[in-house]
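*Asks:* This one is work13.pdb, PDB, C-alpha atoms.
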```
ATOM      1  CA  MET A 131      73.507 -17.360 -26.223  1.00  0.00           C
ATOM      2  CA  LYS A 132      75.151 -14.229 -27.605  1.00  0.00           C
ATOM      3  CA  SER A 133      74.420 -11.014 -25.725  1.00  0.00           C
ATOM      4  CA  GLN A 134      72.610  -8.307 -27.647  1.00  0.00           C
ATOM      5  CA  THR A 135      74.548  -5.141 -28.355  1.00  0.00           C
ATOM      6  CA  ILE A 136      73.238  -1.687 -29.175  1.00  0.00           C
ATOM      7  CA  ALA A 137      74.540  -2.041 -32.717  1.00  0.00           C
ATOM      8  CA  SER A 138      72.473  -5.203 -33.243  1.00  0.00           C
ATOM      9  CA  THR A 139      69.104  -3.761 -32.175  1.00  0.00           C
ATOM     10  CA  PRO A 140      66.609  -2.142 -34.580  1.00  0.00           C
ATOM     11  CA  GLN A 141      66.846   1.155 -32.668  1.00  0.00           C
ATOM     12  CA  GLY A 142      70.608   0.839 -32.374  1.00  0.00           C
ATOM     13  CA  ARG A 143      71.716   3.734 -34.502  1.00  0.00           C
ATOM     14  CA  ALA A 144      69.367   6.179 -32.803  1.00  0.00           C
ATOM     15  CA  GLN A 145      70.660   5.013 -29.404  1.00  0.00           C
ATOM     16  CA  TRP A 146      74.343   5.270 -30.234  1.00  0.00           C
ATOM     17  CA  MET A 147      73.934   8.622 -31.990  1.00  0.00           C
ATOM     18  CA  SER A 148      72.168   9.916 -28.878  1.00  0.00           C
ATOM     19  CA  LEU A 149      75.008   8.683 -26.648  1.00  0.00           C
ATOM     20  CA  LEU A 150      77.650  10.207 -28.922  1.00  0.00           C
ATOM     21  CA  ALA A 151      75.825  13.558 -29.107  1.00  0.00           C
ATOM     22  CA  LYS A 152      75.287  13.759 -25.331  1.00  0.00           C
ATOM     23  CA  ALA A 153      78.790  12.597 -24.380  1.00  0.00           C
ATOM     24  CA  PRO A 154      80.793  15.130 -22.392  1.00  0.00           C
ATOM     25  CA  SER A 155      83.762  16.287 -24.477  1.00  0.00           C
ATOM     26  CA  ALA A 156      86.272  15.070 -21.886  1.00  0.00           C
ATOM     27  CA  ILE A 157      84.788  11.553 -21.867  1.00  0.00           C
ATOM     28  CA  LEU A 158      84.667  11.476 -25.664  1.00  0.00           C
ATOM     29  CA  ALA A 159      88.313  12.584 -25.848  1.00  0.00           C
ATOM     30  CA  GLU A 160      89.252   9.764 -23.453  1.00  0.00           C
ATOM     31  CA  THR A 161      87.395   7.205 -25.558  1.00  0.00           C
ATOM     32  CA  VAL A 162      89.214   8.467 -28.662  1.00  0.00           C
ATOM     33  CA  ALA A 163      92.522   8.047 -26.801  1.00  0.00           C
ATOM     34  CA  GLN A 164      91.492   4.530 -25.723  1.00  0.00           C
ATOM     35  CA  TYR A 165      90.531   3.632 -29.296  1.00  0.00           C
ATOM     36  CA  THR A 166      93.827   4.927 -30.706  1.00  0.00           C
ATOM     37  CA  ARG A 167      95.816   3.030 -28.046  1.00  0.00           C
ATOM     38  CA  GLN A 168      94.164  -0.202 -29.170  1.00  0.00           C
ATOM     39  CA  HIS A 169      93.991   0.418 -32.937  1.00  0.00           C
ATOM     40  CA  GLY A 170      96.885   2.775 -33.635  1.00  0.00           C
ATOM     41  CA  SER A 171      94.817   5.653 -35.035  1.00  0.00           C
ATOM     42  CA  LEU A 172      91.369   6.670 -36.114  1.00  0.00           C
ATOM     43  CA  PRO A 173      90.447   5.396 -39.594  1.00  0.00           C
ATOM     44  CA  SER A 174      91.020   7.609 -42.625  1.00  0.00           C
ATOM     45  CA  TYR A 175      88.009   9.375 -44.086  1.00  0.00           C
ATOM     46  CA  VAL A 176      86.904  12.019 -46.563  1.00  0.00           C
ATOM     47  CA  TRP A 177      84.586  14.845 -45.677  1.00  0.00           C
ATOM     48  CA  LEU A 178      81.133  14.845 -47.212  1.00  0.00           C
ATOM     49  CA  ARG A 179      80.244  17.918 -45.151  1.00  0.00           C
ATOM     50  CA  ARG A 180      82.851  19.597 -42.974  1.00  0.00           C
ATOM     51  CA  PRO A 181      81.717  20.622 -39.467  1.00  0.00           C
ATOM     52  CA  GLU A 182      79.284  23.525 -39.720  1.00  0.00           C
ATOM     53  CA  ILE A 183      77.898  25.555 -36.851  1.00  0.00           C
ATOM     54  CA  GLY A 184      74.330  26.769 -37.137  1.00  0.00           C
ATOM     55  CA  LEU A 185      71.115  27.267 -35.250  1.00  0.00           C
ATOM     56  CA  ALA A 186      68.176  24.965 -34.648  1.00  0.00           C
ATOM     57  CA  MET A 187      64.757  25.981 -33.364  1.00  0.00           C
ATOM     58  CA  VAL A 188      63.783  24.226 -30.137  1.00  0.00           C
ATOM     59  CA  ARG A 189      60.079  23.499 -29.852  1.00  0.00           C
ATOM     60  CA  ALA A 190      58.127  22.727 -26.702  1.00  0.00           C
ATOM     61  CA  ARG A 191      54.546  22.015 -25.662  1.00  0.00           C
ATOM     62  CA  THR A 192      52.472  24.048 -23.265  1.00  0.00           C
ATOM     63  CA  GLY A 193      52.207  22.034 -20.066  1.00  0.00           C
ATOM     64  CA  GLY A 194      54.103  19.215 -21.749  1.00  0.00           C
ATOM     65  CA  THR A 195      51.052  18.037 -23.693  1.00  0.00           C
ATOM     66  CA  GLY A 196      49.395  21.180 -25.109  1.00  0.00           C
ATOM     67  CA  GLN A 197      50.029  23.204 -28.233  1.00  0.00           C
ATOM     68  CA  GLN A 198      53.532  23.481 -29.615  1.00  0.00           C
ATOM     69  CA  PHE A 199      55.430  26.747 -29.472  1.00  0.00           C
ATOM     70  CA  ASN A 200      58.941  27.900 -30.366  1.00  0.00           C
ATOM     71  CA  LEU A 201      60.943  27.915 -27.148  1.00  0.00           C
ATOM     72  CA  GLY A 202      64.079  29.417 -28.666  1.00  0.00           C
ATOM     73  CA  GLU A 203      67.154  28.691 -30.736  1.00  0.00           C
ATOM     74  CA  MET A 204      70.234  26.697 -29.841  1.00  0.00           C
ATOM     75  CA  SER A 205      73.555  26.310 -31.611  1.00  0.00           C
ATOM     76  CA  VAL A 206      74.226  22.978 -33.321  1.00  0.00           C
ATOM     77  CA  THR A 207      77.302  21.560 -35.046  1.00  0.00           C
ATOM     78  CA  ARG A 208      76.850  19.024 -37.826  1.00  0.00           C
ATOM     79  CA  CYS A 209      79.098  17.098 -40.180  1.00  0.00           C
ATOM     80  CA  ALA A 210      79.192  14.043 -42.442  1.00  0.00           C
ATOM     81  CA  LEU A 211      82.087  11.871 -43.587  1.00  0.00           C
ATOM     82  CA  ARG A 212      82.840   8.608 -45.352  1.00  0.00           C
ATOM     83  CA  LEU A 213      85.440   6.148 -44.085  1.00  0.00           C
ATOM     84  CA  SER A 214      87.914   4.701 -46.565  1.00  0.00           C
ATOM     85  CA  SER A 215      86.101   1.365 -46.025  1.00  0.00           C
ATOM     86  CA  GLY A 216      82.867   2.930 -47.330  1.00  0.00           C
ATOM     87  CA  GLU A 217      80.716   3.493 -44.214  1.00  0.00           C
ATOM     88  CA  MET A 218      79.175   6.945 -43.893  1.00  0.00           C
ATOM     89  CA  GLY A 219      78.919   8.697 -40.535  1.00  0.00           C
ATOM     90  CA  VAL A 220      76.952  11.788 -39.580  1.00  0.00           C
ATOM     91  CA  ALA A 221      76.702  13.802 -36.390  1.00  0.00           C
ATOM     92  CA  TYR A 222      74.554  16.567 -34.971  1.00  0.00           C
ATOM     93  CA  VAL A 223      75.875  17.882 -31.663  1.00  0.00           C
ATOM     94  CA  ALA A 224      74.469  20.614 -29.429  1.00  0.00           C
ATOM     95  CA  GLY A 225      76.831  23.546 -29.121  1.00  0.00           C
ATOM     96  CA  ARG A 226      79.796  24.781 -31.121  1.00  0.00           C
ATOM     97  CA  ASP A 227      82.275  21.912 -30.780  1.00  0.00           C
ATOM     98  CA  ALA A 228      83.520  20.863 -34.241  1.00  0.00           C
ATOM     99  CA  GLN A 229      85.906  18.257 -32.779  1.00  0.00           C
ATOM    100  CA  HIS A 230      83.060  16.590 -30.887  1.00  0.00           C
ATOM    101  CA  ALA A 231      80.983  16.406 -34.078  1.00  0.00           C
ATOM    102  CA  GLN A 232      83.932  14.968 -36.025  1.00  0.00           C
ATOM    103  CA  TRP A 233      84.581  12.216 -33.473  1.00  0.00           C
ATOM    104  CA  ALA A 234      80.867  11.406 -33.223  1.00  0.00           C
ATOM    105  CA  ALA A 235      80.643  11.047 -37.023  1.00  0.00           C
ATOM    106  CA  ILE A 236      83.718   8.788 -37.112  1.00  0.00           C
ATOM    107  CA  PHE A 237      82.288   6.528 -34.404  1.00  0.00           C
ATOM    108  CA  ASP A 238      78.871   6.537 -36.097  1.00  0.00           C
ATOM    109  CA  ALA A 239      80.535   5.169 -39.232  1.00  0.00           C
ATOM    110  CA  LEU A 240      82.623   2.650 -37.265  1.00  0.00           C
ATOM    111  CA  LEU A 241      79.520   1.362 -35.492  1.00  0.00           C
ATOM    112  CA  GLN A 242      78.080   0.487 -38.906  1.00  0.00           C
ATOM    113  CA  SER A 243      81.188  -1.510 -39.816  1.00  0.00           C
ATOM    114  CA  ASP A 244      82.326  -5.035 -38.972  1.00  0.00           C
ATOM    115  CA  ALA A 245      84.163  -3.655 -35.925  1.00  0.00           C
ATOM    116  CA  ALA A 246      80.907  -2.483 -34.281  1.00  0.00           C
ATOM    117  CA  ALA A 247      81.180  -4.783 -31.245  1.00  0.00           C
ATOM    118  CA  GLN A 248      84.718  -3.571 -30.431  1.00  0.00           C
ATOM    119  CA  VAL A 249      83.775   0.081 -30.927  1.00  0.00           C
ATOM    120  CA  GLU A 250      80.716  -0.346 -28.747  1.00  0.00           C
ATOM    121  CA  GLN A 251      82.845  -1.772 -25.941  1.00  0.00           C
ATOM    122  CA  ILE A 252      85.577   0.861 -26.220  1.00  0.00           C
ATOM    123  CA  VAL A 253      83.385   3.904 -26.912  1.00  0.00           C
ATOM    124  CA  LEU A 254      79.711   3.487 -26.054  1.00  0.00           C
ATOM    125  CA  GLU A 255      79.994   1.632 -22.743  1.00  0.00           C
ATOM    126  CA  PRO A 256      82.195   4.284 -21.043  1.00  0.00           C
ATOM    127  CA  ILE A 257      79.995   7.077 -22.403  1.00  0.00           C
ATOM    128  CA  GLY A 258      76.842   5.321 -21.189  1.00  0.00           C
ATOM    129  CA  GLN A 259      78.377   4.788 -17.754  1.00  0.00           C
ATOM    130  CA  ALA A 260      79.472   8.436 -17.521  1.00  0.00           C
ATOM    131  CA  LEU A 261      76.027   9.705 -18.522  1.00  0.00           C
ATOM    132  CA  ALA A 262      74.331   7.342 -16.032  1.00  0.00           C
ATOM    133  CA  ALA A 263      76.654   8.536 -13.250  1.00  0.00           C
ATOM    134  CA  ARG A 264      75.946  12.161 -14.106  1.00  0.00           C
ATOM    135  CA  ARG A 265      72.188  11.497 -14.153  1.00  0.00           C
ATOM    136  CA  ALA A 266      72.388   9.712 -10.763  1.00  0.00           C
ATOM    137  CA  LEU A 267      74.311  12.658  -9.260  1.00  0.00           C
ATOM    138  CA  THR A 268      71.726  15.122 -10.570  1.00  0.00           C
ATOM    139  CA  GLU A 269      68.892  12.991  -9.171  1.00  0.00           C
ATOM    140  CA  ALA A 270      70.648  12.695  -5.805  1.00  0.00           C
ATOM    141  CA  ARG A 271      71.116  16.471  -5.603  1.00  0.00           C
ATOM    142  CA  ALA A 272      67.468  17.031  -6.469  1.00  0.00           C
ATOM    143  CA  GLU A 273      66.348  14.409  -3.938  1.00  0.00           C
ATOM    144  CA  ALA A 274      68.345  16.172  -1.220  1.00  0.00           C
ATOM    145  CA  THR A 275      66.199  19.281  -1.701  1.00  0.00           C
ATOM    146  CA  ARG A 276      62.860  17.472  -1.719  1.00  0.00           C
ATOM    147  CA  VAL A 277      60.364  18.526   0.893  1.00  0.00           C
ATOM    148  CA  ASP A 278      57.543  16.222   1.932  1.00  0.00           C
ATOM    149  CA  PHE A 279      54.441  18.101   2.921  1.00  0.00           C
ATOM    150  CA  MET A 280      51.860  16.296   4.919  1.00  0.00           C
ATOM    151  CA  THR A 281      48.285  17.341   5.296  1.00  0.00           C
ATOM    152  CA  MET A 282      47.057  17.631   8.799  1.00  0.00           C
ATOM    153  CA  VAL A 283      43.412  17.437   9.723  1.00  0.00           C
ATOM    154  CA  ARG A 284      42.494  19.846  12.435  1.00  0.00           C
ATOM    155  CA  GLU A 285      39.838  18.998  14.898  1.00  0.00           C
ATOM    156  CA  GLU A 286      37.242  21.679  15.198  1.00  0.00           C
ATOM    157  CA  ASN A 287      36.399  22.811  18.688  1.00  0.00           C
ATOM    158  CA  GLU A 288      32.744  22.239  19.358  1.00  0.00           C
TER     159      GLU A 288
END
```
Could you render the structure as structure tokens?
*Replies:*
Amino acid sequence: MKSQTIASTPQGRAQWMSLLAKAPSAILAETVAQYTRQHGSLPSYVWLRRPEIGLAMVRARTGGTGQQFNLGEMSVTRCALRLSSGEMGVAYVAGRDAQHAQWAAIFDALLQSDAAAQVEQIVLEPIGQALAARRALTEARAEATRVDFMTMVREENE
């Protein structure tokens, strides 16, 4: 039985776009280097929308479940491109990193192509592992500061 990949699931694109957007720039640069070592270079493309830096309003909920309110603004970089093979890739990345957005859009397009399984192995797996390791480190640091309070019942003197 063939194993299921992210690219083959109904939620696949949302998952891989999330991984690409959250990827640390250093890890993404390494995956680009790995891809170019195996394939010679990144595919050629034309810009549909060059990387643009703008602001997005971040919304939150009071107490996590209450009324929505505007928490504040954050910078976002977005772009869109079309590979010479016809696939279109888009990217929205937190921050002001145009290179990150460009690479994310290229890999978004590649993950929609026939080479999706290879790209997933070369790009998404290392990013997923790096994000999981970072999350585990954060959880371990938080766990080290946890304090367990216990309730003591005092006996009343009679």
*Asks:* With the PyMOL selection byres ((chain A and resi 245-261) around 8) as the selection, what would be picked from this file? Answer as number ranges by chain, please.
*Replies:* A: 135-137, 146, 149-150, 152-153, 157-158, 161-162, 164-165, 237, 240-244, 262-265
*Asks:* Kindly give the distance, in Å, that separates atom CA of His230 of chain A and atom CA of Ala272 of chain A, rounded to a single decimal.
*Replies:*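 That distance, rounded to one decimal, is 29.0 Å.
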*Asks:* Can you write out as a Markdown table which residues of segment 209-259 of chain A fall within 8 Å of segment 176-194 of chain A, alongside each residue's closest atom pair and its distance in Å to one decimal, counting only C-alpha atoms and ordering rows by chain and ascending residue number?
*Replies:*
```
| residue | atom | partner | partner_atom | distance |
| --- | --- | --- | --- | --- |
| A:Cys209 | CA | A:Pro181 | CA | 4.4 |
| A:Ala210 | CA | A:Arg179 | CA | 4.8 |
| A:Leu211 | CA | A:Trp177 | CA | 4.4 |
| A:Arg212 | CA | A:Val176 | CA | 5.4 |
| A:Leu213 | CA | A:Val176 | CA | 6.5 |
| A:Ser214 | CA | A:Val176 | CA | 7.4 |
| A:Arg226 | CA | A:Ile183 | CA | 6.1 |
| A:Ala228 | CA | A:Pro181 | CA | 5.5 |
| A:Ala231 | CA | A:Pro181 | CA | 6.9 |
| A:Gln232 | CA | A:Pro181 | CA | 7.0 |
```
*Asks:* May I ask which of the residues A:Ala274, A:Ala235, A:Ser174, A:Met280 is the closest one to Arg143 of chain A, counting only C-alpha atoms?
*Replies:*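 Closest residue, counting only C-alpha atoms: A:Ala235.
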*Asks:* Would you mind reading off the distance between atom CA of Asp238 of chain A and atom CA of Leu267 of chain A, one decimal, in Å?
*Replies:*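 It comes out at 27.9 Å.
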*Asks:* What does the distance between atom CA of Gly142 of chain A and atom CA of Gly170 of chain A come to in Å, to one decimal place?
*Replies:*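 Calculated distance between atom CA of Gly142 of chain A and atom CA of Gly170 of chain A is 26.4 Å.
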*Asks:* Taking into account all atoms listed in the file, which residue in the set A:Glu217, A:Val223, A:Asp278, A:Ala270 is nearest to Met204 of chain A?
*Replies:*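 Using all atoms listed in the file, Met204 of chain A sits closest to A:Val223.
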*Asks:* Looking at all atoms listed in the file, which of A:Asn200, A:Arg208, A:Gln229, A:Pro173 is the one that sits closest to Ala159 of chain A?
*Replies:*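 Distance minimum relative to Ala159 of chain A lands on A:Gln229.
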*Asks:* Which is closest to Ser171 of chain A among A:Glu273, A:Gln145, A:Ile236, A:Ala266, if we use all atoms listed in the file?
*Replies:*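 The shortest atom-to-atom distance to Ser171 of chain A comes from A:Ile236.
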